>>> print(open('coords_7.pdb').read())   # PDB, C-alpha atoms
ATOM      1  CA  MET A   1     156.618 -14.502  26.590  1.00  0.00           C
ATOM      2  CA  LEU A   2     157.460 -18.187  26.693  1.00  0.00           C
ATOM      3  CA  GLU A   3     160.905 -18.830  25.165  1.00  0.00           C
ATOM      4  CA  LEU A   4     160.915 -22.008  23.070  1.00  0.00           C
ATOM      5  CA  LYS A   5     163.895 -23.877  21.657  1.00  0.00           C
ATOM      6  CA  TRP A   6     162.927 -24.491  18.047  1.00  0.00           C
ATOM      7  CA  ARG A   7     164.667 -27.534  16.620  1.00  0.00           C
ATOM      8  CA  THR A   8     166.753 -27.793  13.467  1.00  0.00           C
ATOM      9  CA  CYS A   9     168.715 -30.630  11.868  1.00  0.00           C
ATOM     10  CA  GLY A  10     172.374 -31.445  11.357  1.00  0.00           C
ATOM     11  CA  ASP A  11     175.529 -29.854  12.670  1.00  0.00           C
ATOM     12  CA  ASP A  12     174.885 -26.803  10.504  1.00  0.00           C
ATOM     13  CA  GLU A  13     171.407 -26.424  12.068  1.00  0.00           C
ATOM     14  CA  HIS A  14     169.478 -26.323   8.781  1.00  0.00           C
ATOM     15  CA  TRP A  15     165.695 -26.611   8.615  1.00  0.00           C
ATOM     16  CA  CYS A  16     164.523 -30.220   8.691  1.00  0.00           C
ATOM     17  CA  ASP A  17     163.082 -31.739   5.525  1.00  0.00           C
ATOM     18  CA  PHE A  18     159.463 -32.605   6.246  1.00  0.00           C
ATOM     19  CA  PHE A  19     159.430 -35.793   4.162  1.00  0.00           C
ATOM     20  CA  ASN A  20     162.927 -37.124   4.915  1.00  0.00           C
ATOM     21  CA  LEU A  21     163.213 -36.384   8.625  1.00  0.00           C
ATOM     22  CA  ASN A  22     163.808 -39.614  10.548  1.00  0.00           C
ATOM     23  CA  LEU A  23     160.967 -39.330  13.053  1.00  0.00           C
ATOM     24  CA  ASP A  24     162.204 -42.047  15.416  1.00  0.00           C
ATOM     25  CA  LYS A  25     165.784 -40.781  15.548  1.00  0.00           C
ATOM     26  CA  ASN A  26     165.092 -37.044  15.669  1.00  0.00           C
ATOM     27  CA  LEU A  27     161.856 -36.852  17.599  1.00  0.00           C
ATOM     28  CA  GLY A  28     161.461 -39.959  19.711  1.00  0.00           C
ATOM     29  CA  GLY A  29     158.725 -39.169  22.210  1.00  0.00           C
ATOM     30  CA  VAL A  30     158.764 -35.366  21.926  1.00  0.00           C
ATOM     31  CA  GLU A  31     155.489 -33.724  22.933  1.00  0.00           C
ATOM     32  CA  GLY A  32     155.036 -30.115  21.911  1.00  0.00           C
ATOM     33  CA  VAL A  33     154.176 -27.863  18.991  1.00  0.00           C
ATOM     34  CA  TYR A  34     155.365 -27.857  15.389  1.00  0.00           C
ATOM     35  CA  VAL A  35     155.354 -25.662  12.301  1.00  0.00           C
ATOM     36  CA  ILE A  36     155.345 -27.047   8.746  1.00  0.00           C
ATOM     37  CA  PHE A  37     156.418 -24.432   6.206  1.00  0.00           C
ATOM     38  CA  TYR A  38     158.260 -23.674   2.988  1.00  0.00           C
ATOM     39  CA  LEU A  39     160.780 -20.981   2.243  1.00  0.00           C
ATOM     40  CA  GLY A  40     160.159 -18.121  -0.116  1.00  0.00           C
ATOM     41  CA  GLU A  41     161.410 -14.590  -0.362  1.00  0.00           C
ATOM     42  CA  GLY A  42     161.229 -14.301   3.398  1.00  0.00           C
ATOM     43  CA  GLN A  43     161.563 -16.730   6.274  1.00  0.00           C
ATOM     44  CA  PRO A  44     159.188 -18.502   6.047  1.00  0.00           C
ATOM     45  CA  GLY A  45     157.704 -18.197   2.576  1.00  0.00           C
ATOM     46  CA  ARG A  46     154.440 -19.532   4.035  1.00  0.00           C
ATOM     47  CA  VAL A  47     153.409 -21.611   6.979  1.00  0.00           C
ATOM     48  CA  VAL A  48     151.398 -24.591   5.778  1.00  0.00           C
ATOM     49  CA  ARG A  49     150.338 -26.080   9.124  1.00  0.00           C
ATOM     50  CA  VAL A  50     150.830 -25.617  12.848  1.00  0.00           C
ATOM     51  CA  GLY A  51     149.889 -28.216  15.392  1.00  0.00           C
ATOM     52  CA  GLN A  52     150.606 -29.917  18.661  1.00  0.00           C
ATOM     53  CA  GLY A  53     150.812 -33.283  20.339  1.00  0.00           C
ATOM     54  CA  HIS A  54     153.173 -36.227  19.960  1.00  0.00           C
ATOM     55  CA  VAL A  55     155.185 -34.534  17.226  1.00  0.00           C
ATOM     56  CA  ALA A  56     156.442 -37.650  15.404  1.00  0.00           C
ATOM     57  CA  ASP A  57     152.919 -39.086  15.182  1.00  0.00           C
ATOM     58  CA  ARG A  58     151.458 -35.800  13.977  1.00  0.00           C
ATOM     59  CA  ILE A  59     154.116 -35.355  11.276  1.00  0.00           C
ATOM     60  CA  ALA A  60     153.603 -38.956  10.124  1.00  0.00           C
ATOM     61  CA  THR A  61     149.873 -38.234   9.804  1.00  0.00           C
ATOM     62  CA  HIS A  62     150.482 -35.005   7.865  1.00  0.00           C
ATOM     63  CA  ARG A  63     152.774 -36.845   5.436  1.00  0.00           C
ATOM     64  CA  GLU A  64     149.629 -38.703   4.330  1.00  0.00           C
ATOM     65  CA  ASP A  65     147.397 -35.602   4.239  1.00  0.00           C
ATOM     66  CA  SER A  66     146.857 -34.265   0.715  1.00  0.00           C
ATOM     67  CA  ASP A  67     145.975 -30.840   2.115  1.00  0.00           C
ATOM     68  CA  VAL A  68     149.574 -30.629   3.352  1.00  0.00           C
ATOM     69  CA  THR A  69     151.364 -32.678   0.683  1.00  0.00           C
ATOM     70  CA  GLN A  70     149.959 -30.559  -2.138  1.00  0.00           C
ATOM     71  CA  TYR A  71     152.784 -28.125  -1.234  1.00  0.00           C
ATOM     72  CA  ARG A  72     155.483 -30.801  -1.650  1.00  0.00           C
ATOM     73  CA  ASN A  73     156.962 -29.103  -4.728  1.00  0.00           C
ATOM     74  CA  LYS A  74     157.645 -26.004  -2.608  1.00  0.00           C
ATOM     75  CA  GLY A  75     160.103 -27.978  -0.459  1.00  0.00           C
ATOM     76  CA  LEU A  76     158.304 -28.536   2.832  1.00  0.00           C
ATOM     77  CA  LEU A  77     160.294 -28.089   6.029  1.00  0.00           C
ATOM     78  CA  VAL A  78     159.443 -28.573   9.688  1.00  0.00           C
ATOM     79  CA  THR A  79     160.529 -27.335  13.093  1.00  0.00           C
ATOM     80  CA  TRP A  80     159.232 -28.181  16.552  1.00  0.00           C
ATOM     81  CA  ALA A  81     159.650 -27.314  20.197  1.00  0.00           C
ATOM     82  CA  LYS A  82     158.888 -29.085  23.450  1.00  0.00           C
ATOM     83  CA  VAL A  83     155.928 -27.490  25.217  1.00  0.00           C
ATOM     84  CA  SER A  84     154.175 -28.746  28.336  1.00  0.00           C
ATOM     85  CA  GLY A  85     150.659 -30.067  27.952  1.00  0.00           C
ATOM     86  CA  ALA A  86     149.282 -27.204  30.041  1.00  0.00           C
ATOM     87  CA  ASN A  87     150.627 -24.620  27.560  1.00  0.00           C
ATOM     88  CA  ARG A  88     150.153 -26.338  24.198  1.00  0.00           C
ATOM     89  CA  ASP A  89     146.674 -25.061  23.342  1.00  0.00           C
ATOM     90  CA  GLY A  90     147.669 -21.467  24.051  1.00  0.00           C
ATOM     91  CA  VAL A  91     150.924 -21.745  22.110  1.00  0.00           C
ATOM     92  CA  GLU A  92     149.201 -23.368  19.127  1.00  0.00           C
ATOM     93  CA  ALA A  93     146.518 -20.667  19.140  1.00  0.00           C
ATOM     94  CA  TYR A  94     149.194 -17.957  19.191  1.00  0.00           C
ATOM     95  CA  LEU A  95     151.160 -19.538  16.318  1.00  0.00           C
ATOM     96  CA  ALA A  96     148.016 -20.058  14.215  1.00  0.00           C
ATOM     97  CA  ASN A  97     147.041 -16.406  14.628  1.00  0.00           C
ATOM     98  CA  LEU A  98     150.600 -15.230  13.997  1.00  0.00           C
ATOM     99  CA  PHE A  99     151.196 -17.261  10.824  1.00  0.00           C
ATOM    100  CA  ASP A 100     147.689 -17.817   9.358  1.00  0.00           C
ATOM    101  CA  PRO A 101     148.572 -21.305   8.058  1.00  0.00           C
ATOM    102  CA  LEU A 102     147.352 -22.465   4.663  1.00  0.00           C
ATOM    103  CA  VAL A 103     145.928 -25.695   6.141  1.00  0.00           C
ATOM    104  CA  GLY A 104     143.841 -26.096   9.259  1.00  0.00           C
ATOM    105  CA  ASP A 105     140.749 -24.291  10.392  1.00  0.00           C
ATOM    106  CA  ARG A 106     140.237 -25.619  13.909  1.00  0.00           C
ATOM    107  CA  PHE A 107     142.650 -24.183  16.413  1.00  0.00           C
ATOM    108  CA  PRO A 108     142.303 -23.961  20.171  1.00  0.00           C
ATOM    109  CA  GLU A 109     140.305 -21.039  21.461  1.00  0.00           C
ATOM    110  CA  ASP A 110     142.356 -20.886  24.647  1.00  0.00           C
ATOM    111  CA  ARG A 111     144.093 -17.755  25.781  1.00  0.00           C
ATOM    112  CA  GLU A 112     147.059 -17.271  23.480  1.00  0.00           C
ATOM    113  CA  ILE A 113     150.496 -17.787  24.953  1.00  0.00           C
ATOM    114  CA  GLU A 114     153.061 -15.641  23.164  1.00  0.00           C
ATOM    115  CA  VAL A 115     156.257 -17.421  22.170  1.00  0.00           C
ATOM    116  CA  ASN A 116     159.355 -16.568  20.173  1.00  0.00           C
ATOM    117  CA  SER A 117     159.057 -17.225  16.450  1.00  0.00           C
ATOM    118  CA  PRO A 118     161.178 -20.006  14.989  1.00  0.00           C
ATOM    119  CA  PHE A 119     162.104 -17.558  12.226  1.00  0.00           C
ATOM    120  CA  ASP A 120     163.679 -14.832  14.365  1.00  0.00           C
TER     121      ASP A 120
END
>>> encode(input="coords_7.pdb", output="structure tokens")
Amino acid sequence: MLELKWRTCGDDEHWCDFFNLNLDKNLGGVEGVYVIFYLGEGQPGRVVRVGQGHVADRIATHREDSDVTQYRNKGLLVTWAKVSGANRDGVEAYLANLFDPLVGDRFPEDREIEVNSPFD
């Protein structure tokens, strides 16, 4: 299993607000994987989207995507982790199969790379 360091915000390490996260300050040039979700009875309530790439750019794009923003009233949150380019497809495939996100139907078909959940 690949151990990832899932990111949070603030000194109290709370989940980052998807819409209010300062992408330049908090993410800079981070390349990796991310999980957009909202809380419910459990942690998470539901995963809305998983993805990979230049995380700040991808989040900025999803902020304009009505498939994602339709869940705004649920209080969307985001976390991310640095992952090397060689492992990203496998990690994204694993996370998509683990969480069955509400949005997204094209995920890498690479061999899954198991990682720790951000919610453990």
>>> closest_residue(input="coords_7.pdb", among="A:Asp65, A:Glu41, A:Asp89, A:Asp120", to="Phe107 (chain A)", atoms="only C-alpha atoms")
A:Asp89
>>> closest_residue(input="coords_7.pdb", among="A:Arg58, A:Arg111, A:Arg46, A:Lys74", to="Val30 (chain A)", atoms="only C-alpha atoms")
A:Arg58
>>> residues_around(input="coords_7.pdb", residues="Asp105 (chain A)", least_positions_apart="3", cutoff="12 Å", atoms="only C-alpha atoms", output="ChimeraX atom specification")
/A:48-51,67,93,96-97,100-102,108-109
>>> resolve_selection(input="coords_7.pdb", expression="the PyMOL selection byres ((chain A and resi 1) around 12)", output="list in words")
Leu2, Glu3, Leu4, Asn87, Gly90, Val91, Tyr94, Glu112, Ile113, Glu114, Val115, Asn116 and Ser117 of chain A
>>> closest_residue(input="coords_7.pdb", among="A:Gln52, A:Lys82, A:Phe37, A:Ser66", to="Trp15 (chain A)", atoms="all atoms listed in the file")
A:Phe37
>>> resolve_selection(input="coords_7.pdb", expression="the PyMOL selection byres ((chain A and resi 36) around 10)", output="list in words")
Cys16, Asp17, Phe18, Tyr34, Val35, Phe37, Tyr38, Pro44, Arg46, Val47, Val48, Arg49, Val50, Gly51, Ile59, His62, Val68, Leu76, Leu77, Val78, Thr79, Trp80, Pro101 and Val103 of chain A
>>> residues_around(input="coords_7.pdb", residues="Asn26 (chain A)", least_positions_apart="6", cutoff="10 Å", atoms="all atoms listed in the file", output="PyMOL selection string")
chain A and resi 7-9+16+56
>>> closest_residue(input="coords_7.pdb", among="A:Lys5, A:His54, A:Arg88, A:His14", to="Gly29 (chain A)", atoms="only C-alpha atoms")
A:His54
>>> atom_distance(input="coords_7.pdb", atom1="CA of Leu95 (chain A)", atom2="CA of Lys25 (chain A)")
25.8 Å
>>> atom_distance(input="coords_7.pdb", atom1="CA of Gln70 (chain A)", atom2="CA of Asn20 (chain A)")
16.2 Å
>>> atom_distance(input="coords_7.pdb", atom1="CA of Ala60 (chain A)", atom2="CA of Leu23 (chain A)")
7.9 Å
>>> axis_aligned_box(input="coords_7.pdb", around="region 63-81 of chain A", padding_each_side="4 Å", output="lines of an AutoDock Vina configuration file")
center_x = 153.3
center_y = -32.4
center_z = 7.7
size_x = 22.6
size_y = 20.7
size_z = 32.9
>>> closest_residue(input="coords_7.pdb", among="A:Gly75, A:Val83, A:Gly10, A:Leu98", to="Glu31 (chain A)", atoms="all atoms listed in the file")
A:Val83
